[in-house]
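Source file: input.cif (mmCIF, C-alpha atoms and all ligand atoms)
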```
data_structure
#
loop_
_atom_site.group_PDB
_atom_site.id
_atom_site.type_symbol
_atom_site.label_atom_id
_atom_site.label_comp_id
_atom_site.auth_asym_id
_atom_site.auth_seq_id
_atom_site.Cartn_x
_atom_site.Cartn_y
_atom_site.Cartn_z
ATOM 1 C CA MET A 1 19.052 4.033 9.649
ATOM 2 C CA ALA A 2 20.187 7.091 11.580
ATOM 3 C CA PRO A 3 17.335 9.405 12.404
ATOM 4 C CA PRO A 4 17.146 12.503 10.228
ATOM 5 C CA SER A 5 18.363 15.568 12.082
ATOM 6 C CA GLY A 6 15.706 16.959 14.341
ATOM 7 C CA ALA A 7 13.406 14.010 13.721
ATOM 8 C CA GLY A 8 13.346 13.103 17.387
ATOM 9 C CA ARG A 9 12.057 9.839 18.665
ATOM 10 C CA ARG A 10 9.883 7.271 17.052
ATOM 11 C CA VAL A 11 6.201 7.050 17.912
ATOM 12 C CA LYS A 12 6.086 3.644 19.576
ATOM 13 C CA GLY A 13 3.378 1.148 18.713
ATOM 14 C CA CYS A 14 2.140 3.295 15.850
ATOM 15 C CA GLN A 15 1.670 2.168 12.278
ATOM 16 C CA ILE A 16 0.412 4.527 9.592
ATOM 17 C CA GLN A 17 -0.863 3.305 6.272
ATOM 18 C CA ARG A 18 -1.253 5.248 3.039
ATOM 19 C CA PRO A 19 -2.820 3.737 -0.091
ATOM 20 C CA PHE A 20 -1.343 4.359 -3.513
ATOM 21 C CA ILE A 21 -1.451 2.949 -7.044
ATOM 22 C CA TYR A 22 1.336 2.114 -9.453
ATOM 23 C CA GLY A 23 1.325 0.539 -12.864
ATOM 24 C CA THR A 24 1.312 0.978 -16.588
ATOM 25 C CA THR A 25 -1.193 1.975 -19.255
ATOM 26 C CA ALA A 26 -0.458 1.201 -22.907
ATOM 27 C CA ARG A 27 -2.249 2.135 -26.128
ATOM 28 C CA PRO A 28 -1.537 0.705 -29.568
ATOM 29 C CA PHE A 29 -0.882 3.245 -32.299
ATOM 30 C CA GLY A 30 -3.779 3.448 -34.709
ATOM 31 C CA GLU A 31 -6.766 5.560 -35.567
ATOM 32 C CA LYS A 32 -7.621 6.280 -31.942
ATOM 33 C CA ASN A 33 -4.000 6.869 -30.977
ATOM 34 C CA PRO A 34 -2.143 8.333 -33.961
ATOM 35 C CA LYS A 35 1.619 8.045 -33.947
ATOM 36 C CA PRO A 36 3.262 11.433 -33.451
ATOM 37 C CA PRO A 37 5.883 12.524 -35.954
ATOM 38 C CA GLY A 38 9.444 11.522 -35.150
ATOM 39 C CA ILE A 39 8.592 8.266 -33.416
ATOM 40 C CA PRO A 40 10.635 5.355 -34.836
ATOM 41 C CA ASP A 41 8.855 3.106 -37.361
ATOM 42 C CA ASP A 42 9.148 -0.024 -35.216
ATOM 43 C CA HIS A 43 7.353 1.558 -32.250
ATOM 44 C CA THR A 44 3.882 0.061 -31.952
ATOM 45 C CA HIS A 45 2.563 1.540 -28.703
ATOM 46 C CA SER A 46 2.579 4.591 -26.496
ATOM 47 C CA TRP A 47 2.681 3.795 -22.795
ATOM 48 C CA GLU A 48 3.160 5.312 -19.387
ATOM 49 C CA VAL A 49 4.334 4.055 -16.018
ATOM 50 C CA PHE A 50 3.225 5.915 -12.911
ATOM 51 C CA VAL A 51 2.903 6.101 -9.138
ATOM 52 C CA LYS A 52 -0.001 8.124 -7.772
ATOM 53 C CA GLY A 53 -2.341 8.582 -4.852
ATOM 54 C CA ILE A 54 -5.644 6.791 -4.651
ATOM 55 C CA ASP A 55 -8.425 8.905 -6.133
ATOM 56 C CA ASP A 56 -5.663 11.214 -7.426
ATOM 57 C CA THR A 57 -4.951 12.581 -3.954
ATOM 58 C CA ASP A 58 -1.594 14.189 -3.349
ATOM 59 C CA ILE A 59 1.089 11.839 -1.925
ATOM 60 C CA THR A 60 4.089 14.132 -2.166
ATOM 61 C CA TYR A 61 3.971 14.818 1.567
ATOM 62 C CA TRP A 62 5.391 11.277 2.036
ATOM 63 C CA LEU A 63 6.818 10.392 -1.397
ATOM 64 C CA ARG A 64 9.524 12.721 -2.679
ATOM 65 C CA ARG A 65 10.827 11.133 -5.833
ATOM 66 C CA VAL A 66 10.393 8.067 -8.017
ATOM 67 C CA GLN A 67 13.160 6.648 -10.138
ATOM 68 C CA PHE A 68 12.011 4.531 -13.071
ATOM 69 C CA LYS A 69 14.493 2.078 -14.574
ATOM 70 C CA LEU A 70 13.362 1.227 -18.084
ATOM 71 C CA HIS A 71 14.766 -1.250 -20.600
ATOM 72 C CA GLU A 72 18.295 -0.403 -21.672
ATOM 73 C CA SER A 73 17.226 -0.132 -25.306
ATOM 74 C CA ILE A 74 15.423 3.096 -24.398
ATOM 75 C CA PRO A 75 17.398 6.345 -24.465
ATOM 76 C CA ASN A 76 18.090 7.637 -20.935
ATOM 77 C CA HIS A 77 16.635 4.484 -19.451
ATOM 78 C CA LEU A 78 17.043 5.787 -15.894
ATOM 79 C CA ARG A 79 14.377 8.425 -15.277
ATOM 80 C CA SER A 80 13.806 10.327 -12.101
ATOM 81 C CA THR A 81 10.588 12.131 -11.377
ATOM 82 C CA TYR A 82 10.395 14.756 -8.697
ATOM 83 C CA TYR A 83 7.259 16.486 -7.754
ATOM 84 C CA ILE A 84 8.133 20.005 -6.769
ATOM 85 C CA ARG A 85 5.757 22.846 -7.127
ATOM 86 C CA LEU A 86 7.800 25.489 -8.867
ATOM 87 C CA LEU A 87 7.732 27.317 -12.107
ATOM 88 C CA LEU A 88 9.767 25.724 -14.849
ATOM 89 C CA PRO A 89 11.245 27.536 -17.809
ATOM 90 C CA PRO A 90 9.241 26.837 -20.960
ATOM 91 C CA GLU A 91 10.151 23.664 -22.820
ATOM 92 C CA PRO A 92 12.630 24.158 -25.666
ATOM 93 C CA SER A 93 10.778 24.102 -28.942
ATOM 94 C CA LYS A 94 10.743 20.671 -30.551
ATOM 95 C CA GLN A 95 11.986 20.333 -34.079
ATOM 96 C CA ALA A 96 9.476 18.756 -36.400
ATOM 97 C CA ASN A 97 9.873 15.045 -37.116
ATOM 98 C CA GLN A 98 12.518 14.513 -34.496
ATOM 99 C CA ARG A 99 12.220 12.015 -31.723
ATOM 100 C CA PRO A 100 11.315 13.990 -28.570
ATOM 101 C CA PHE A 101 14.214 14.348 -26.170
ATOM 102 C CA SER A 102 13.641 12.392 -22.940
ATOM 103 C CA PRO A 103 15.380 14.117 -20.064
ATOM 104 C CA PRO A 104 16.772 11.848 -17.335
ATOM 105 C CA THR A 105 15.206 14.012 -14.649
ATOM 106 C CA THR A 106 11.770 15.516 -14.729
ATOM 107 C CA VAL A 107 10.419 17.995 -12.282
ATOM 108 C CA ILE A 108 6.693 17.881 -12.431
ATOM 109 C CA ASP A 109 5.007 21.174 -12.059
ATOM 110 C CA GLY A 110 1.340 20.641 -11.828
ATOM 111 C CA LYS A 111 -1.585 20.438 -9.520
ATOM 112 C CA PRO A 112 -1.225 18.359 -6.356
ATOM 113 C CA GLY A 113 -2.201 14.790 -7.008
ATOM 114 C CA GLU A 114 -0.573 14.540 -10.383
ATOM 115 C CA PRO A 115 1.232 11.225 -10.786
ATOM 116 C CA PHE A 116 4.945 10.547 -10.808
ATOM 117 C CA VAL A 117 4.996 9.443 -14.404
ATOM 118 C CA VAL A 118 7.170 8.575 -17.380
ATOM 119 C CA ARG A 119 5.578 8.540 -20.820
ATOM 120 C CA GLU A 120 7.251 6.632 -23.628
ATOM 121 C CA THR A 121 6.741 4.802 -26.886
ATOM 122 C CA GLY A 122 8.163 1.437 -27.915
ATOM 123 C CA TRP A 123 7.626 -2.045 -29.281
ATOM 124 C CA GLY A 124 8.376 -4.493 -26.481
ATOM 125 C CA GLU A 125 7.313 -5.509 -22.997
ATOM 126 C CA PHE A 126 9.799 -5.631 -20.131
ATOM 127 C CA GLU A 127 10.076 -5.308 -16.385
ATOM 128 C CA ILE A 128 10.278 -1.793 -14.991
ATOM 129 C CA THR A 129 12.045 -1.109 -11.708
ATOM 130 C CA LEU A 130 10.478 1.651 -9.639
ATOM 131 C CA LYS A 131 12.481 3.053 -6.762
ATOM 132 C CA LEU A 132 10.465 5.069 -4.280
ATOM 133 C CA TYR A 133 12.292 7.770 -2.312
ATOM 134 C CA TYR A 134 10.510 9.099 0.736
ATOM 135 C CA VAL A 135 10.574 12.596 2.200
ATOM 136 C CA SER A 136 13.677 13.168 4.323
ATOM 137 C CA GLU A 137 11.662 13.550 7.554
ATOM 138 C CA SER A 138 10.643 9.900 7.255
ATOM 139 C CA GLY A 139 14.194 8.581 7.650
ATOM 140 C CA GLU A 140 13.045 5.698 5.414
ATOM 141 C CA LYS A 141 15.355 3.970 2.963
ATOM 142 C CA PRO A 142 14.180 3.861 -0.641
ATOM 143 C CA GLN A 143 11.952 0.941 -1.585
ATOM 144 C CA THR A 144 12.089 -0.928 -4.882
ATOM 145 C CA LEU A 145 9.032 -2.236 -6.737
ATOM 146 C CA TYR A 146 8.960 -4.217 -9.955
ATOM 147 C CA HIS A 147 6.290 -3.974 -12.570
ATOM 148 C CA HIS A 148 5.823 -5.704 -15.914
ATOM 149 C CA LEU A 149 4.974 -3.346 -18.744
ATOM 150 C CA HIS A 150 2.043 -4.958 -20.560
ATOM 151 C CA LEU A 151 1.556 -3.752 -24.125
ATOM 152 C CA HIS A 152 -0.740 -6.582 -25.197
ATOM 153 C CA PRO A 153 -4.112 -7.508 -23.710
ATOM 154 C CA TYR A 154 -3.736 -10.172 -21.032
ATOM 155 C CA GLY A 155 -5.979 -12.108 -18.695
ATOM 156 C CA ARG A 156 -6.823 -15.600 -17.555
ATOM 157 C CA THR A 157 -9.256 -16.279 -20.368
ATOM 158 C CA GLU A 158 -9.647 -15.288 -23.993
ATOM 159 C CA ALA A 159 -12.791 -13.365 -22.976
ATOM 160 C CA ASP A 160 -10.718 -11.317 -20.460
ATOM 161 C CA LYS A 161 -8.236 -10.475 -23.203
ATOM 162 C CA GLU A 162 -10.998 -9.586 -25.633
ATOM 163 C CA ALA A 163 -12.654 -7.305 -23.062
ATOM 164 C CA MET A 164 -9.342 -5.498 -22.549
ATOM 165 C CA ARG A 165 -8.745 -5.213 -26.287
ATOM 166 C CA ALA A 166 -12.178 -3.612 -26.707
ATOM 167 C CA THR A 167 -11.238 -0.753 -24.360
ATOM 168 C CA GLY A 168 -8.307 0.199 -26.621
ATOM 169 C CA GLU A 169 -6.063 0.345 -23.547
ATOM 170 C CA VAL A 170 -3.956 -2.175 -21.697
ATOM 171 C CA VAL A 171 -4.244 -1.272 -18.049
ATOM 172 C CA ALA A 172 -1.960 -2.999 -15.538
ATOM 173 C CA TRP A 173 -2.460 -1.199 -12.252
ATOM 174 C CA ILE A 174 -1.646 -2.352 -8.740
ATOM 175 C CA TYR A 175 -3.236 -1.131 -5.522
ATOM 176 C CA GLU A 176 -0.682 -0.956 -2.723
ATOM 177 C CA GLU A 177 -0.533 0.266 0.851
ATOM 178 C CA GLN A 178 2.552 1.968 2.181
ATOM 179 C CA LEU A 179 3.112 1.166 5.842
ATOM 180 C CA PHE A 180 5.118 3.450 8.066
ATOM 181 C CA ASN A 181 6.049 1.607 11.234
ATOM 182 C CA GLU A 182 6.742 3.664 14.338
ATOM 183 C CA PRO A 183 7.406 6.853 12.331
ATOM 184 C CA TYR A 184 9.673 9.582 13.689
ATOM 185 C CA GLU A 185 7.732 12.217 15.567
ATOM 186 C CA ALA A 186 8.366 14.907 12.937
ATOM 187 C CA PHE A 187 7.193 12.575 10.204
ATOM 188 C CA TYR A 188 4.227 11.471 12.286
ATOM 189 C CA ASP A 189 3.213 15.139 12.488
ATOM 190 C CA ILE A 190 3.435 15.443 8.699
ATOM 191 C CA LEU A 191 1.436 12.280 8.145
ATOM 192 C CA THR A 192 -1.252 13.230 10.603
ATOM 193 C CA SER A 193 -1.376 16.970 10.110
ATOM 194 C CA GLY A 194 -5.033 16.543 9.423
ATOM 195 C CA ALA A 195 -7.025 15.522 6.448
ATOM 196 C CA LEU A 196 -6.917 18.593 4.286
ATOM 197 C CA PRO A 197 -9.444 19.738 1.752
ATOM 198 C CA ASP A 198 -8.322 19.250 -1.804
ATOM 199 C CA PRO A 199 -6.748 22.555 -2.895
ATOM 200 C CA ALA A 200 -7.829 21.796 -6.453
ATOM 201 C CA ARG A 201 -11.448 22.010 -5.328
ATOM 202 C CA PRO A 202 -12.707 25.299 -3.987
ATOM 203 C CA ALA A 203 -13.520 25.477 -0.282
ATOM 204 C CA GLY A 204 -17.162 25.262 0.728
ATOM 205 C CA ALA A 205 -19.334 28.046 -0.468
ATOM 206 C CA LYS A 206 -21.495 29.985 1.936
ATOM 207 C CA GLY A 207 -25.082 28.885 2.333
ATOM 208 C CA LYS A 208 -24.108 25.279 3.154
ATOM 209 C CA GLY A 209 -24.168 24.180 -0.449
ATOM 210 C CA LYS A 210 -27.818 25.055 -0.935
ATOM 211 C CA GLY A 211 -29.266 27.528 -3.346
ATOM 212 C CA LYS A 212 -27.778 29.443 -6.206
ATOM 213 C CA GLY A 213 -24.736 30.619 -4.254
ATOM 214 C CA ALA A 214 -23.336 27.085 -3.958
ATOM 215 C CA LYS A 215 -20.381 26.450 -6.230
ATOM 216 C CA ALA A 216 -20.468 23.220 -8.160
ATOM 217 C CA GLY A 217 -17.963 20.735 -6.735
ATOM 218 C CA ALA A 218 -17.283 22.815 -3.620
ATOM 219 C CA VAL A 219 -15.904 20.794 -0.726
ATOM 220 C CA PRO A 220 -15.960 22.403 2.708
ATOM 221 C CA PRO A 221 -12.664 21.939 4.576
ATOM 222 C CA GLY A 222 -12.411 18.589 6.295
ATOM 223 C CA GLN A 223 -15.201 16.998 4.281
ATOM 224 C CA ARG A 224 -14.954 14.097 1.919
ATOM 225 C CA SER A 225 -14.392 14.611 -1.772
ATOM 226 C CA GLU A 226 -16.784 13.079 -4.267
ATOM 227 C CA GLY A 227 -14.982 9.748 -4.228
ATOM 228 C CA GLY A 228 -15.064 9.744 -0.435
ATOM 229 C CA VAL A 229 -11.343 10.407 -0.044
ATOM 230 C CA LEU A 230 -9.734 13.210 1.894
ATOM 231 C CA PRO A 231 -6.204 14.197 1.003
ATOM 232 C CA ARG A 232 -3.712 13.127 3.729
ATOM 233 C CA SER A 233 -5.942 10.337 4.877
ATOM 234 C CA ALA A 234 -5.803 6.548 4.616
ATOM 235 C CA MET A 235 -9.227 6.445 2.976
ATOM 236 C CA ILE A 236 -10.190 4.679 -0.195
ATOM 237 C CA PRO A 237 -13.204 5.844 -2.252
ATOM 238 C CA ARG A 238 -16.613 4.389 -1.511
ATOM 239 C CA THR A 239 -17.506 3.563 -5.081
ATOM 240 C CA THR A 240 -15.733 2.667 -8.283
ATOM 241 C CA ARG A 241 -15.730 5.325 -10.990
ATOM 242 C CA PRO A 242 -14.171 5.493 -14.454
ATOM 243 C CA ASN A 243 -10.361 5.473 -14.088
ATOM 244 C CA HIS A 244 -10.678 4.823 -10.343
ATOM 245 C CA PRO A 245 -11.029 1.060 -10.058
ATOM 246 C CA PHE A 246 -9.893 0.700 -6.433
ATOM 247 C CA SER A 247 -12.662 1.405 -3.936
ATOM 248 C CA GLN A 248 -14.529 -0.021 -0.954
ATOM 249 C CA GLU A 249 -16.938 -1.451 -3.505
ATOM 250 C CA THR A 250 -14.093 -3.336 -5.271
ATOM 251 C CA GLU A 251 -12.837 -4.482 -1.878
ATOM 252 C CA GLN A 252 -16.280 -5.895 -0.992
ATOM 253 C CA LEU A 253 -16.450 -7.702 -4.337
ATOM 254 C CA GLU A 254 -13.018 -9.222 -3.711
ATOM 255 C CA ILE A 255 -14.080 -10.311 -0.217
ATOM 256 C CA LYS A 256 -17.210 -11.892 -1.702
ATOM 257 C CA LYS A 257 -15.107 -13.746 -4.277
ATOM 258 C CA LEU A 258 -12.695 -14.944 -1.572
ATOM 259 C CA ARG A 259 -15.596 -16.116 0.615
ATOM 260 C CA ALA A 260 -17.161 -18.003 -2.282
ATOM 261 C CA ALA A 261 -13.793 -19.615 -3.086
ATOM 262 C CA TYR A 262 -13.315 -20.524 0.594
ATOM 263 C CA GLU A 263 -16.767 -22.117 0.742
ATOM 264 C CA GLN A 264 -16.105 -24.031 -2.449
ATOM 265 C CA ALA A 265 -12.787 -25.293 -1.060
ATOM 266 C CA SER A 266 -14.464 -26.282 2.243
ATOM 267 C CA GLU A 267 -17.172 -28.217 0.392
ATOM 268 C CA LEU A 268 -14.527 -29.993 -1.653
ATOM 269 C CA MET A 269 -12.605 -30.901 1.491
ATOM 270 C CA ASP A 270 -15.772 -32.255 3.161
ATOM 271 C CA LYS A 271 -16.451 -34.343 0.086
ATOM 272 C CA MET A 272 -12.914 -35.686 0.058
ATOM 273 C CA ARG A 273 -13.105 -36.485 3.769
ATOM 274 C CA GLU A 274 -16.288 -38.484 3.138
ATOM 275 C CA GLU A 275 -14.622 -40.349 0.269
ATOM 276 C CA GLN A 276 -11.604 -41.021 2.475
ATOM 277 C CA LYS A 277 -13.863 -42.455 5.164
ATOM 278 C CA VAL A 278 -15.448 -44.876 2.634
ATOM 279 C CA LYS A 279 -11.988 -45.897 1.387
ATOM 280 C CA ASP A 280 -10.661 -46.391 4.944
ATOM 281 C CA LYS A 281 -13.638 -48.575 5.746
ATOM 282 C CA ARG A 282 -13.132 -50.619 2.557
ATOM 283 C CA LEU A 283 -9.438 -51.042 3.413
ATOM 284 C CA ALA A 284 -10.262 -52.177 6.948
ATOM 285 C CA ASP A 285 -12.835 -54.655 5.546
ATOM 286 C CA LEU A 286 -10.315 -56.042 3.053
ATOM 287 C CA LYS A 287 -7.656 -56.398 5.785
ATOM 288 C CA ARG A 288 -10.140 -58.226 7.984
ATOM 289 C CA GLU A 289 -11.132 -60.527 5.112
ATOM 290 C CA THR A 290 -7.465 -61.298 4.322
ATOM 291 C CA ALA A 291 -6.740 -61.988 7.987
ATOM 292 C CA ALA A 292 -9.773 -64.332 8.197
ATOM 293 C CA ASN A 293 -8.801 -66.185 4.974
ATOM 294 C CA PRO A 294 -5.010 -66.262 4.899
HETATM 295 C C1 LIG A 301 11.368 -8.108 -25.693
HETATM 296 N N1 LIG A 301 12.766 -8.523 -23.789
HETATM 297 O O1 LIG A 301 12.128 -8.667 -26.483
HETATM 298 C C2 LIG A 301 11.965 -7.587 -24.404
HETATM 299 C C3 LIG A 301 12.694 -6.329 -24.642
HETATM 300 C C4 LIG A 301 12.530 -3.931 -25.106
HETATM 301 C C5 LIG A 301 11.614 -2.858 -25.463
HETATM 302 C C6 LIG A 301 11.775 -5.201 -24.826
HETATM 303 C C7 LIG A 301 12.666 0.186 -27.286
HETATM 304 C C8 LIG A 301 12.038 1.453 -27.528
HETATM 305 C C9 LIG A 301 12.959 2.539 -27.966
HETATM 306 C C10 LIG A 301 11.689 -0.840 -26.744
HETATM 307 O O2 LIG A 301 10.495 -0.850 -26.916
HETATM 308 N N2 LIG A 301 12.309 -1.777 -26.013
HETATM 309 O O3 LIG A 301 13.623 2.354 -29.005
HETATM 310 O O4 LIG A 301 13.008 3.533 -27.303
HETATM 311 O O5 LIG A 301 10.168 -8.002 -25.909
#
```
Would it be possible to restate this file's structure as structure tokens?
Amino acid sequence: MAPPSGAGRRVKGCQIQRPFIYGTTARPFGEKNPKPPGIPDDHTHSWEVFVKGIDDTDITYWLRRVQFKLHESIPNHLRSTYYIRLLLPPEPSKQANQRPFSPPTTVIDGKPGEPFVVRETGWGEFEITLKLYYVSESGEKPQTLYHHLHLHPYGRTEADKEAMRATGEVVAWIYEEQLFNEPYEAFYDILTSGALPDPARPAGAKGKGKGKGAKAGAVPPGQRSEGGVLPRSAMIPRTTRPNHPFSQETEQLEIKKLRAAYEQASELMDKMREEQKVKDKRLADLKRETAANP
């Protein structure tokens, strides 16, 4: 792809990685999730599909827009979500008992870190196509991801499904890492402009966080947030917290599981090798016997 104007050269031998999450969350309509007026009778669930930063950190400095392609049975099935911080005119008032209008393009106006999201209701599962558009400085072509919308509890075992059912939510989230290979210099500068304090959290109070003057939740510039993640960094949180399942802790658990599986496979292979040896010996004995007694 031609370099964006003014992007300059690429930073050779450099690879920058940024974690993010995408996926769907679905909730059946019922007592805990009452069906709003105007929603068609055959709709059984409310659901959302999203792309967001790990630990809800802002990713709009590298991701500009997400286009969600939904099932064609859904009105305006192509949805585009921009994240631009500007003031929007107030929403037109909704008429009672009418299906809410779903605009094809949404400009999110919220605090940094809010997800690129589409919220919908429906009755069926299908595959969603997510097209990620990067900031122009990156010179990157859009990337397409596919994600199955799960409305019904799933898992390898009945117990897994039951555990998911008990939460009242069907969560299908994927942890992903975006790699930027040899980024253009201008983009490299954006990516590495320094881990910034989260603007949503007030900067560090005087008195080094001690005493009455310390504001609750204050994060001095350049220091880690509670989850251990600095905006504009490649960090993942240290520990798992509610609604933040991807962390160093999860990673360690996965590594442990992989190690255990590897050891189990190695043991099985050793056992099979031993069995093979016995069989080879038996075969050689039989051949010898046959040769001796033709
Ligand atoms: C299925 N192959 O049969 C899938 C199709 C389509 C889901 C699922 C429509 C919602 C609306 C809706 O839920 N479509 O009317 O907006 O399961």
Around ligand LIG 301 (chain A), which protein and nucleic acid residues have at least one atom no more than 6 Å from it, if we count only C-alpha atoms and all ligand atoms? List them as a PDB file with C-alpha atoms, keeping the file's coordinate frame.
```pdb
ATOM      1  CA  HIS A  71      14.766  -1.250 -20.600  1.00  0.00           C
ATOM      2  CA  SER A  73      17.226  -0.132 -25.306  1.00  0.00           C
ATOM      3  CA  ILE A  74      15.423   3.096 -24.398  1.00  0.00           C
ATOM      4  CA  PRO A  75      17.398   6.345 -24.465  1.00  0.00           C
ATOM      5  CA  GLY A 122       8.163   1.437 -27.915  1.00  0.00           C
ATOM      6  CA  TRP A 123       7.626  -2.045 -29.281  1.00  0.00           C
ATOM      7  CA  GLY A 124       8.376  -4.493 -26.481  1.00  0.00           C
ATOM      8  CA  GLU A 125       7.313  -5.509 -22.997  1.00  0.00           C
ATOM      9  CA  PHE A 126       9.799  -5.631 -20.131  1.00  0.00           C
TER      10      PHE A 126
END
```
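Residues in contact with His147 (chain A) at up to 7 Å, not including ones fewer than 3 positions away on its chain and judged by all atoms listed in the file, are A:Gly23, A:Glu127, A:Ile128, A:Thr129.
For the pair CA of Ile54 (chain A) and CA of Phe246 (chain A), the interatomic distance is 7.6 Å.
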Margin query: Evaluated on this file, the PyMOL selection byres (((chain A and resi 66) around 12) and not hetatm) picks out some residues - which ones are they, written as number ranges by chain?
Written below: A: 22, 49-52, 59-60, 62-65, 67-69, 78-83, 104-108, 115-118, 129-135, 142-145
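A straight line drawn from CA of Thr25 (chain A) to CA of Tyr175 (chain A) is 14.2 Å long.
Among the candidates A:Pro183, A:Gly168, A:Pro112, A:Pro245, the one nearest to Asp56 (chain A) when counting only C-alpha atoms is A:Pro112.
The gap separating CA of Thr121 (chain A) from CA of His43 (chain A) is 6.3 Å, in Å to one decimal.
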Margin query: Going by the chain IDs and residue numbers used in this file, which residues fall under the PyMOL selection byres (((chain A and resi 250-257) around 12) and not hetatm)? Write them as a PyMOL selection string.
Written below: chain A and resi 175+236-241+244-249+258-264
Next item on the list: Might you pull out every residue within 12 Å of Thr192 (chain A), with only C-alpha atoms counted and same-chain residues fewer than 2 positions away left off, and present them as number ranges by chain?
Entry: A: 14-18, 61-62, 180, 183-190, 194-196, 231-234
Return the padded bounding box of region 160-164 of chain A as JSON: axis-aligned, built from all atoms listed in the file, 5 Å added on each side, with centre and edge lengths in Å to one decimal.
```
{"center_x": -10.4, "center_y": -8.4, "center_z": -23.0, "size_x": 14.4, "size_y": 15.8, "size_z": 15.2}
```
Item checked: Given all atoms listed in the file as the counted atoms, nearest of A:Glu289, A:Glu114, A:Glu182, A:Asp160 to Gly53 (chain A) -> A:Glu114
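Closest approach to Arg27 (chain A) among A:Ala265, A:Met164, A:Val229, A:Ala284: A:Met164, based on all atoms listed in the file.
Each of A:Leu179, A:Ala26, A:Leu286, A:Leu230 was compared to Asp55 (chain A) using only C-alpha atoms, and A:Leu230 turns out to be the nearest.
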